[in-house]
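**Q** PDB, C-alpha atoms, file entry-v6.pdb:
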```
ATOM      1  CA  MET A  20      23.719 -61.527 249.302
ATOM      2  CA  PRO A  21      26.478 -60.805 246.778
ATOM      3  CA  GLU A  22      26.666 -61.791 243.155
ATOM      4  CA  ILE A  23      28.717 -65.023 242.973
ATOM      5  CA  ILE A  24      30.645 -65.506 239.743
ATOM      6  CA  ASP A  25      32.621 -68.590 238.761
ATOM      7  CA  PHE A  26      36.120 -67.429 237.797
ATOM      8  CA  LYS A  27      35.899 -68.994 234.335
ATOM      9  CA  ASP A  28      32.680 -67.040 233.623
ATOM     10  CA  ILE A  29      34.061 -63.552 234.342
ATOM     11  CA  ASP A  30      33.162 -60.694 232.013
ATOM     12  CA  ALA A  31      36.487 -58.849 232.361
ATOM     13  CA  LYS A  32      35.203 -55.510 231.069
ATOM     14  CA  GLU A  33      32.306 -55.502 233.554
ATOM     15  CA  ILE A  34      34.491 -56.614 236.506
ATOM     16  CA  VAL A  35      37.092 -53.910 235.775
ATOM     17  CA  LYS A  36      34.342 -51.276 235.668
ATOM     18  CA  ARG A  37      33.020 -52.482 239.041
ATOM     19  CA  MET A  38      36.540 -52.558 240.529
ATOM     20  CA  LYS A  39      37.174 -48.954 239.496
ATOM     21  CA  ALA A  40      33.797 -47.908 240.964
ATOM     22  CA  GLY A  41      34.827 -49.144 244.424
ATOM     23  CA  GLU A  42      32.678 -52.258 244.769
ATOM     24  CA  ILE A  43      33.825 -54.741 247.404
ATOM     25  CA  PHE A  44      35.072 -58.091 246.146
ATOM     26  CA  ILE A  45      35.966 -61.469 247.561
ATOM     27  CA  TYR A  46      38.446 -62.929 245.125
ATOM     28  CA  PRO A  47      41.066 -65.672 244.666
ATOM     29  CA  THR A  48      44.822 -65.142 244.832
ATOM     30  CA  ASP A  49      47.802 -67.471 244.562
ATOM     31  CA  THR A  50      47.539 -67.987 248.321
ATOM     32  CA  VAL A  51      44.076 -67.659 249.957
ATOM     33  CA  TYR A  52      40.832 -65.789 249.245
ATOM     34  CA  GLY A  53      41.031 -62.054 249.760
ATOM     35  CA  ILE A  54      38.606 -59.236 250.305
ATOM     36  CA  GLY A  55      39.353 -55.983 248.556
ATOM     37  CA  CYS A  56      38.371 -52.879 246.662
ATOM     38  CA  ASN A  57      39.859 -49.960 244.797
ATOM     39  CA  ALA A  58      42.480 -48.717 247.292
ATOM     40  CA  MET A  59      41.879 -45.128 246.211
ATOM     41  CA  LYS A  60      38.222 -45.173 247.372
ATOM     42  CA  SER A  61      38.303 -44.311 251.087
ATOM     43  CA  GLY A  62      34.622 -45.170 251.620
ATOM     44  CA  SER A  63      35.143 -48.686 250.282
ATOM     45  CA  VAL A  64      38.316 -49.115 252.354
ATOM     46  CA  ALA A  65      36.393 -48.039 255.482
ATOM     47  CA  GLU A  66      33.695 -50.604 254.653
ATOM     48  CA  ILE A  67      36.287 -53.407 254.480
ATOM     49  CA  ARG A  68      37.633 -52.418 257.902
ATOM     50  CA  LYS A  69      34.065 -52.589 259.230
ATOM     51  CA  ILE A  70      33.363 -55.966 257.556
ATOM     52  CA  LYS A  71      36.542 -57.475 259.009
ATOM     53  CA  ARG A  72      35.870 -55.882 262.407
ATOM     54  CA  ARG A  73      39.236 -54.214 262.061
ATOM     55  CA  ASN A  74      38.877 -50.823 263.685
ATOM     56  CA  ASP A  75      42.551 -50.296 264.367
ATOM     57  CA  ASP A  76      44.842 -48.154 262.286
ATOM     58  CA  LYS A  77      46.903 -51.126 261.116
ATOM     59  CA  PRO A  78      47.762 -50.698 257.418
ATOM     60  CA  MET A  79      46.239 -52.932 254.768
ATOM     61  CA  SER A  80      48.214 -54.240 251.798
ATOM     62  CA  VAL A  81      47.494 -53.728 248.122
ATOM     63  CA  ILE A  82      47.832 -55.633 244.894
ATOM     64  CA  ALA A  83      49.898 -53.424 242.607
ATOM     65  CA  PRO A  84      48.672 -53.034 239.026
ATOM     66  CA  SER A  85      52.278 -53.410 237.791
ATOM     67  CA  LYS A  86      55.917 -53.452 238.838
ATOM     68  CA  LYS A  87      56.246 -49.990 237.257
ATOM     69  CA  TRP A  88      53.551 -48.729 239.656
ATOM     70  CA  ILE A  89      55.630 -50.076 242.557
ATOM     71  CA  TYR A  90      58.804 -48.345 241.329
ATOM     72  CA  ASP A  91      56.911 -45.079 240.702
ATOM     73  CA  ASN A  92      55.320 -44.924 244.167
ATOM     74  CA  PHE A  93      57.741 -46.619 246.582
ATOM     75  CA  GLU A  94      61.378 -46.497 247.593
ATOM     76  CA  VAL A  95      62.770 -49.736 246.208
ATOM     77  CA  ASN A  96      66.336 -50.329 247.377
ATOM     78  CA  LYS A  97      66.252 -54.085 246.855
ATOM     79  CA  LYS A  98      65.008 -54.513 243.287
ATOM     80  CA  GLY A  99      65.748 -58.242 243.305
ATOM     81  CA  TYR A 100      62.780 -58.811 245.613
ATOM     82  CA  ILE A 101      60.384 -56.971 243.299
ATOM     83  CA  GLN A 102      61.669 -59.031 240.380
ATOM     84  CA  THR A 103      60.354 -62.184 242.137
ATOM     85  CA  LEU A 104      56.807 -60.931 241.503
ATOM     86  CA  PRO A 105      54.291 -62.219 240.686
ATOM     87  CA  GLY A 106      54.400 -64.638 243.581
ATOM     88  CA  PRO A 107      53.240 -65.436 247.120
ATOM     89  CA  PHE A 108      55.033 -62.483 248.713
ATOM     90  CA  THR A 109      53.968 -59.178 250.249
ATOM     91  CA  PHE A 110      56.742 -56.600 250.501
ATOM     92  CA  ILE A 111      56.550 -53.728 252.974
ATOM     93  CA  LEU A 112      58.010 -50.666 251.271
ATOM     94  CA  ASN A 113      58.431 -46.997 252.177
ATOM     95  CA  ILE A 114      56.033 -44.767 250.254
ATOM     96  CA  LYS A 115      57.439 -41.917 248.171
ATOM     97  CA  ASN A 116      54.135 -40.824 246.532
ATOM     98  CA  ARG A 117      50.645 -40.915 248.093
ATOM     99  CA  CYS A 118      49.064 -43.600 245.880
ATOM    100  CA  VAL A 119      46.205 -44.958 248.032
ATOM    101  CA  ALA A 120      43.457 -43.499 250.215
ATOM    102  CA  ARG A 121      44.747 -42.304 253.613
ATOM    103  CA  ASN A 122      42.736 -44.902 255.535
ATOM    104  CA  VAL A 123      44.620 -47.744 253.804
ATOM    105  CA  ASN A 124      47.635 -46.884 255.964
ATOM    106  CA  PRO A 125      46.528 -44.226 258.478
ATOM    107  CA  LYS A 126      49.987 -43.797 259.988
ATOM    108  CA  GLY A 127      51.556 -43.355 256.536
ATOM    109  CA  GLY A 128      55.164 -44.145 255.844
ATOM    110  CA  SER A 129      55.048 -47.689 254.503
ATOM    111  CA  LEU A 130      52.696 -50.134 252.855
ATOM    112  CA  GLY A 131      52.540 -53.836 251.980
ATOM    113  CA  VAL A 132      52.527 -54.449 248.229
ATOM    114  CA  ARG A 133      52.113 -57.638 246.256
ATOM    115  CA  ILE A 134      51.359 -59.036 242.809
ATOM    116  CA  PRO A 135      49.775 -62.482 243.180
ATOM    117  CA  TYR A 136      50.540 -65.213 240.679
ATOM    118  CA  HIS A 137      46.862 -65.635 239.766
ATOM    119  CA  ALA A 138      44.758 -64.639 236.755
ATOM    120  CA  PHE A 139      42.728 -62.237 238.962
ATOM    121  CA  THR A 140      45.820 -60.009 238.953
ATOM    122  CA  ARG A 141      45.302 -59.372 235.223
ATOM    123  CA  LEU A 142      42.007 -57.677 236.119
ATOM    124  CA  VAL A 143      43.801 -55.385 238.605
ATOM    125  CA  LYS A 144      46.381 -54.586 235.929
ATOM    126  CA  ARG A 145      43.643 -53.853 233.395
ATOM    127  CA  ALA A 146      41.837 -51.582 235.898
ATOM    128  CA  ASN A 147      45.212 -49.875 236.530
ATOM    129  CA  ILE A 148      44.414 -49.280 240.208
ATOM    130  CA  PRO A 149      45.924 -50.458 243.483
ATOM    131  CA  PHE A 150      43.527 -53.013 244.974
ATOM    132  CA  ILE A 151      43.167 -53.799 248.690
ATOM    133  CA  THR A 152      44.282 -57.318 249.532
ATOM    134  CA  THR A 153      43.556 -58.691 252.958
ATOM    135  CA  SER A 154      42.405 -62.167 253.920
ATOM    136  CA  VAL A 155      38.639 -62.656 253.879
ATOM    137  CA  ASN A 156      38.124 -63.416 257.546
ATOM    138  CA  PHE A 157      37.524 -61.564 260.767
ATOM    139  CA  SER A 158      40.760 -60.113 262.140
ATOM    140  CA  GLY A 159      42.769 -62.734 263.975
ATOM    141  CA  ARG A 160      40.890 -65.722 262.504
ATOM    142  CA  LYS A 161      42.057 -68.406 260.058
ATOM    143  CA  PRO A 162      42.310 -67.410 256.383
ATOM    144  CA  ILE A 163      39.732 -68.829 253.965
ATOM    145  CA  ARG A 164      40.590 -71.279 251.186
ATOM    146  CA  GLU A 165      37.063 -72.065 249.992
ATOM    147  CA  ILE A 166      34.015 -69.836 249.433
ATOM    148  CA  LYS A 167      31.686 -72.129 251.427
ATOM    149  CA  ASP A 168      33.751 -71.385 254.560
ATOM    150  CA  ILE A 169      33.183 -67.610 254.472
ATOM    151  CA  SER A 170      31.009 -66.238 257.274
ATOM    152  CA  ARG A 171      27.549 -65.089 256.194
ATOM    153  CA  ALA A 172      28.206 -61.897 258.187
ATOM    154  CA  ILE A 173      30.986 -61.135 255.710
ATOM    155  CA  LEU A 174      29.180 -62.368 252.589
ATOM    156  CA  ARG A 175      26.124 -60.190 253.071
ATOM    157  CA  ASN A 176      28.316 -57.068 253.080
ATOM    158  CA  VAL A 177      30.209 -57.549 249.811
ATOM    159  CA  ASP A 178      29.140 -56.871 246.229
ATOM    160  CA  VAL A 179      30.898 -59.617 244.261
ATOM    161  CA  VAL A 180      32.339 -63.043 245.083
ATOM    162  CA  ILE A 181      34.638 -64.629 242.519
ATOM    163  CA  ASP A 182      34.803 -68.373 243.099
ATOM    164  CA  ASP A 183      37.866 -70.238 241.856
ATOM    165  CA  GLY A 184      37.343 -73.417 243.885
ATOM    166  CA  PHE A 185      39.559 -74.637 246.705
ATOM    167  CA  LEU A 186      42.854 -72.757 247.062
ATOM    168  CA  HIS A 187      45.704 -74.961 248.257
ATOM    169  CA  ASN A 188      48.163 -72.457 249.683
ATOM    170  CA  HIS A 189      48.881 -70.400 252.803
ATOM    171  CA  PRO A 190      48.888 -66.598 253.254
ATOM    172  CA  SER A 191      51.712 -64.734 251.543
ATOM    173  CA  THR A 192      55.126 -64.397 253.123
ATOM    174  CA  LEU A 193      55.438 -60.850 254.495
ATOM    175  CA  ILE A 194      58.883 -59.290 254.081
ATOM    176  CA  ASP A 195      59.822 -55.850 255.427
ATOM    177  CA  LEU A 196      62.092 -53.995 252.998
ATOM    178  CA  THR A 197      61.968 -50.623 254.754
ATOM    179  CA  GLU A 198      65.341 -51.018 256.498
ATOM    180  CA  GLU A 199      68.836 -51.865 255.314
ATOM    181  CA  MET A 200      68.325 -55.575 256.034
ATOM    182  CA  ALA A 201      65.251 -57.400 254.728
ATOM    183  CA  LYS A 202      63.239 -58.969 257.545
ATOM    184  CA  ILE A 203      60.674 -61.755 257.314
ATOM    185  CA  VAL A 204      57.645 -60.647 259.354
ATOM    186  CA  ARG A 205      55.379 -63.635 258.594
ATOM    187  CA  ARG A 206      55.966 -66.942 256.854
TER     188      ARG A 206
END
```
Is it possible to express this structure as structure tokens?
**A**
Amino acid sequence: MPEIIDFKDIDAKEIVKRMKAGEIFIYPTDTVYGIGCNAMKSGSVAEIRKIKRRNDDKPMSVIAPSKKWIYDNFEVNKKGYIQTLPGPFTFILNIKNRCVARNVNPKGGSLGVRIPYHAFTRLVKRANIPFITTSVNFSGRKPIREIKDISRAILRNVDVVIDDGFLHNHPSTLIDLTEEMAKIVRR
């Protein structure tokens, strides 16, 4: 079973070290609990696909370490959207620089990027890495808002669980910014 840490008891230096190393985390966001890892570690990314029973080549999204990282690595034609971050949004953007492991988005081209409005994001910023963010559930199932609701089949395959109590929100709004007109993909 994983190490379970209450959010208020986090040792930031230790967590950042473990994030950089590629350990797999369940963590809180401003929406629902996510499962993630260093998005530059292909072995860890592959493990998340296996845990979620997600064997397709559908891209995963990442938490960006900063807005600057987004501007440096993606084509951003609608800067006003990026300025709304942090917040409960995931923006699909065209990639201009390879900034994640290939198995994050096997077909290349675009990637979902977000910066949650949650203190966990400060750890991603401090680690200065893109961090996988996908809901902690089996593909196609309801997102998780409370640690006690996570399947044991998932829990036994992660390294760290960060518990921040019940999360009251819904998954992020997904907005495609790859074309001329912005398009809401999921509300």
**Q** Determine the nearest neighbour of Arg171 of chain A from the options A:Ala40, A:Ile67, A:Ile82, A:Val155, counting all atoms listed in the file.
**A**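 Of the candidates, the smallest distance to Arg171 of chain A is held by A:Val155.
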**Q** Between A:Ala83, A:Met38, A:Ile194, A:Ile24, which residue has the minimum interatomic distance to Phe110 of chain A, considering only C-alpha atoms?
**A**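 The closest residue to Phe110 of chain A is A:Ile194.
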**Q** Determine, for each residue of segment 180-206 of chain A having at least one atom at most 12 Å from an atom of segment 137-144 of chain A, the closest pair of atoms and their separation in Å to one decimal, counting all atoms listed in the file; order by chain and ascending number, as a tab-separated table.
**A**
```
residue	atom	partner	partner_atom	distance
A:Ile181	CA	A:Phe139	CA	9.2
A:Asp182	CA	A:Phe139	CA	10.8
A:Asp183	CA	A:Phe139	CA	9.8
A:Leu186	CA	A:His137	CA	11.0
```
**Q** May I ask for the distance between atom CA of Phe150 of chain A and atom CA of Thr48 of chain A, given in Å to one decimal place?
**A**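 About the pair atom CA of Phe150 of chain A and atom CA of Thr48 of chain A: they are 12.2 Å apart.
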**Q** Rounded to one decimal, what separation in Å do you get between atom CA of Lys115 of chain A and atom CA of Asn96 of chain A?
**A** 12.3 Å
**Q** I'd like the residues picked by the PyMOL selection byres ((chain A and resi 114) around 9) written out as a list in words, using the chain letters and numbers from the file.
**A**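 For this structure, the PyMOL selection byres ((chain A and resi 114) around 9) captures Asn92, Phe93, Glu94, Leu112, Asn113, Lys115, Asn116, Arg117, Cys118, Gly127, Gly128, Ser129 and Leu130 of chain A.
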**Q** Using only C-alpha atoms, find the one residue out of A:Gly99, A:Ser80, A:Thr192, A:Ile45 that sits nearest to Ile169 of chain A.
**A**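 Between A:Gly99, A:Ser80, A:Thr192, A:Ile45, the residue approaching Ile169 of chain A most closely is A:Ile45.
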